[in-house]
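Asks: I am attaching a structure below and will ask some questions about it afterwards.
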Amino acid sequence: MSSTNAKIKSVSVAKNLLTVGLQDGRSLSLPLAWYPSLQRAKPAARAAWEPCAAGNGIHWPALDYDLSVDGLLRGAHELPGLAHPAGRNPR
């Protein structure tokens, strides 16, 4: 299955780890330090996620923050300068 067809099944954020389950059975575990906006966010905000982009992405409404399955599979980190001190991106 190509990465462009991978769909989000589950998301969990632990103290130092972002774990994403995909509908095809794969599980990705990535260092939370790669995503400073999530790392700085409160646990309740991190737990409140929803699928986006037809299931190919993750959206955290309270943080106005998104990650794509393709980016996660590539091991892409959050871009420098994107993180806001409170974990929310300014508008």
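Numbering starts fresh at 1 for the residues of each chain in the structure tokens, the chains themselves are lettered A, B, ... in the order given, and ligands are numbered from 1 as they appear.
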What's the 10 Å shell around Leu79 in chain A, counting only C-alpha atoms, without same-chain residues fewer than 5 positions away, as JSON, numbers by chain?
Replies: {"A": [34, 35, 36]}
Asks: Report the closest atom pair, with its distance in Å rounded to one decimal, for each residue of range 42-80 of chain A that has an atom no farther than 8 Å from range 7-25 of chain A; count only C-alpha atoms, sort by chain and then rising residue number, and write it as JSON lines.
Replies:
{"residue": "A:Arg46", "atom": "CA", "partner": "A:Val13", "partner_atom": "CA", "distance": 6.7}
{"residue": "A:Ala47", "atom": "CA", "partner": "A:Ser12", "partner_atom": "CA", "distance": 7.0}
{"residue": "A:Trp49", "atom": "CA", "partner": "A:Val11", "partner_atom": "CA", "distance": 7.7}
{"residue": "A:Pro51", "atom": "CA", "partner": "A:Ile8", "partner_atom": "CA", "distance": 6.6}
{"residue": "A:Ala54", "atom": "CA", "partner": "A:Lys7", "partner_atom": "CA", "distance": 8.0}
{"residue": "A:Gly55", "atom": "CA", "partner": "A:Lys7", "partner_atom": "CA", "distance": 4.9}
{"residue": "A:Asn56", "atom": "CA", "partner": "A:Lys7", "partner_atom": "CA", "distance": 5.0}
{"residue": "A:Gly57", "atom": "CA", "partner": "A:Ile8", "partner_atom": "CA", "distance": 6.8}
{"residue": "A:Ile58", "atom": "CA", "partner": "A:Ile8", "partner_atom": "CA", "distance": 7.4}
{"residue": "A:Val69", "atom": "CA", "partner": "A:Lys7", "partner_atom": "CA", "distance": 7.4}
Asks: Using DSSP on the backbone coordinates, identify all residues within chain A classified as strand (DSSP E or B); present the result as a PyMOL selection string.
Replies: chain A and resi 8-13+17-22+27-31+50-52+57-60+65-68
Asks: Store the residues picked out above, limited to N, CA and C atoms, as a PDB file, in the first residue's frame.
Replies:
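The resulting file, part-v4.pdb, is reproduced below:
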ATOM      1  N   ILE A   8      -5.463   7.333   8.862  1.00  0.00           N
ATOM      2  CA  ILE A   8      -5.300   7.368  10.310  1.00  0.00           C
ATOM      3  C   ILE A   8      -6.367   6.505  10.979  1.00  0.00           C
ATOM      4  N   LYS A   9      -5.942   5.701  11.941  1.00  0.00           N
ATOM      5  CA  LYS A   9      -6.867   4.909  12.744  1.00  0.00           C
ATOM      6  C   LYS A   9      -6.865   5.385  14.194  1.00  0.00           C
ATOM      7  N   SER A  10      -5.663   5.654  14.729  1.00  0.00           N
ATOM      8  CA  SER A  10      -5.557   6.068  16.130  1.00  0.00           C
ATOM      9  C   SER A  10      -4.362   6.977  16.319  1.00  0.00           C
ATOM     10  N   VAL A  11      -4.435   7.784  17.366  1.00  0.00           N
ATOM     11  CA  VAL A  11      -3.348   8.694  17.723  1.00  0.00           C
ATOM     12  C   VAL A  11      -3.247   8.716  19.236  1.00  0.00           C
ATOM     13  N   SER A  12      -2.033   8.600  19.741  1.00  0.00           N
ATOM     14  CA  SER A  12      -1.813   8.792  21.176  1.00  0.00           C
ATOM     15  C   SER A  12      -0.527   9.582  21.361  1.00  0.00           C
ATOM     16  N   VAL A  13      -0.547  10.413  22.382  1.00  0.00           N
ATOM     17  CA  VAL A  13       0.613  11.231  22.694  1.00  0.00           C
ATOM     18  C   VAL A  13       0.984  10.958  24.142  1.00  0.00           C
ATOM     19  N   LEU A  17       6.512  10.643  23.259  1.00  0.00           N
ATOM     20  CA  LEU A  17       6.298   9.868  22.049  1.00  0.00           C
ATOM     21  C   LEU A  17       4.936  10.145  21.427  1.00  0.00           C
ATOM     22  N   LEU A  18       4.922  10.316  20.098  1.00  0.00           N
ATOM     23  CA  LEU A  18       3.698  10.398  19.310  1.00  0.00           C
ATOM     24  C   LEU A  18       3.545   9.050  18.616  1.00  0.00           C
ATOM     25  N   THR A  19       2.433   8.376  18.854  1.00  0.00           N
ATOM     26  CA  THR A  19       2.184   7.080  18.240  1.00  0.00           C
ATOM     27  C   THR A  19       0.927   7.176  17.383  1.00  0.00           C
ATOM     28  N   VAL A  20       1.064   6.790  16.125  1.00  0.00           N
ATOM     29  CA  VAL A  20      -0.036   6.867  15.168  1.00  0.00           C
ATOM     30  C   VAL A  20      -0.274   5.477  14.590  1.00  0.00           C
ATOM     31  N   GLY A  21      -1.502   5.002  14.722  1.00  0.00           N
ATOM     32  CA  GLY A  21      -1.891   3.739  14.117  1.00  0.00           C
ATOM     33  C   GLY A  21      -2.568   4.004  12.787  1.00  0.00           C
ATOM     34  N   LEU A  22      -2.224   3.209  11.793  1.00  0.00           N
ATOM     35  CA  LEU A  22      -2.811   3.339  10.466  1.00  0.00           C
ATOM     36  C   LEU A  22      -3.778   2.192  10.216  1.00  0.00           C
ATOM     37  N   SER A  27       2.059   0.880  12.546  1.00  0.00           N
ATOM     38  CA  SER A  27       2.075   1.785  13.691  1.00  0.00           C
ATOM     39  C   SER A  27       3.368   2.591  13.628  1.00  0.00           C
ATOM     40  N   LEU A  28       3.240   3.887  13.774  1.00  0.00           N
ATOM     41  CA  LEU A  28       4.397   4.779  13.750  1.00  0.00           C
ATOM     42  C   LEU A  28       4.597   5.351  15.148  1.00  0.00           C
ATOM     43  N   SER A  29       5.807   5.296  15.641  1.00  0.00           N
ATOM     44  CA  SER A  29       6.151   5.913  16.921  1.00  0.00           C
ATOM     45  C   SER A  29       7.287   6.888  16.671  1.00  0.00           C
ATOM     46  N   LEU A  30       7.032   8.157  16.967  1.00  0.00           N
ATOM     47  CA  LEU A  30       7.976   9.216  16.648  1.00  0.00           C
ATOM     48  C   LEU A  30       8.269  10.040  17.893  1.00  0.00           C
ATOM     49  N   PRO A  31       9.495  10.535  18.020  1.00  0.00           N
ATOM     50  CA  PRO A  31       9.827  11.363  19.181  1.00  0.00           C
ATOM     51  C   PRO A  31       8.963  12.631  19.205  1.00  0.00           C
ATOM     52  N   GLU A  50      -8.584  14.910  15.504  1.00  0.00           N
ATOM     53  CA  GLU A  50      -9.572  14.392  14.556  1.00  0.00           C
ATOM     54  C   GLU A  50      -8.869  14.148  13.230  1.00  0.00           C
ATOM     55  N   PRO A  51      -9.356  13.176  12.455  1.00  0.00           N
ATOM     56  CA  PRO A  51      -8.765  12.965  11.137  1.00  0.00           C
ATOM     57  C   PRO A  51      -9.091  14.141  10.217  1.00  0.00           C
ATOM     58  N   CYS A  52      -8.216  14.417   9.283  1.00  0.00           N
ATOM     59  CA  CYS A  52      -8.458  15.460   8.288  1.00  0.00           C
ATOM     60  C   CYS A  52      -7.911  14.970   6.950  1.00  0.00           C
ATOM     61  N   GLY A  57      -4.546  12.755   7.290  1.00  0.00           N
ATOM     62  CA  GLY A  57      -3.882  13.679   8.194  1.00  0.00           C
ATOM     63  C   GLY A  57      -4.534  13.683   9.559  1.00  0.00           C
ATOM     64  N   ILE A  58      -3.877  14.374  10.479  1.00  0.00           N
ATOM     65  CA  ILE A  58      -4.358  14.528  11.852  1.00  0.00           C
ATOM     66  C   ILE A  58      -4.480  16.018  12.126  1.00  0.00           C
ATOM     67  N   HIS A  59      -5.594  16.410  12.734  1.00  0.00           N
ATOM     68  CA  HIS A  59      -5.826  17.815  13.080  1.00  0.00           C
ATOM     69  C   HIS A  59      -6.119  17.898  14.572  1.00  0.00           C
ATOM     70  N   TRP A  60      -5.455  18.838  15.249  1.00  0.00           N
ATOM     71  CA  TRP A  60      -5.715  19.153  16.646  1.00  0.00           C
ATOM     72  C   TRP A  60      -6.390  20.516  16.677  1.00  0.00           C
ATOM     73  N   TYR A  65      -3.355  22.806  14.534  1.00  0.00           N
ATOM     74  CA  TYR A  65      -2.122  22.115  14.154  1.00  0.00           C
ATOM     75  C   TYR A  65      -2.479  20.856  13.378  1.00  0.00           C
ATOM     76  N   ASP A  66      -1.733  20.592  12.304  1.00  0.00           N
ATOM     77  CA  ASP A  66      -1.986  19.436  11.452  1.00  0.00           C
ATOM     78  C   ASP A  66      -0.687  18.708  11.132  1.00  0.00           C
ATOM     79  N   LEU A  67      -0.796  17.390  11.006  1.00  0.00           N
ATOM     80  CA  LEU A  67       0.295  16.561  10.509  1.00  0.00           C
ATOM     81  C   LEU A  67      -0.279  15.629   9.446  1.00  0.00           C
ATOM     82  N   SER A  68       0.515  15.334   8.424  1.00  0.00           N
ATOM     83  CA  SER A  68       0.069  14.425   7.367  1.00  0.00           C
ATOM     84  C   SER A  68       0.709  13.052   7.555  1.00  0.00           C
TER      85      SER A  68
END
Asks: I need the residue nearest Asn5 in chain A from this list: A:Ala48, A:His77, A:Lys42, A:Asp70. Use only C-alpha atoms for the distance.
Replies: A:Asp70
Asks: From the DSSP assignment of the backbone, select every residue of chain A that is helix (DSSP H, G or I), and format the answer as a ChimeraX atom specification.
Replies: /A:3-5,32-34,36-40,43-47,53-55,69-74
Asks: So how far away is CA of Leu32 in chain A from CA of Arg74 in chain A, in Å?
Replies: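 CA of Arg74 in chain A sits 15.2 Å away from CA of Leu32 in chain A.
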Asks: Just how far from CA of Gly81 in chain A is CA of Ala6 in chain A, in Å to one decimal?
Replies: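 Atom-to-atom, CA of Ala6 in chain A to CA of Gly81 in chain A, that is 28.2 Å.
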Asks: Quick one: pull the distance between CA of Ala45 in chain A and CA of Ala62 in chain A, Å, one decimal.
Replies: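 Separation of CA of Ala45 in chain A and CA of Ala62 in chain A: 5.8 Å.
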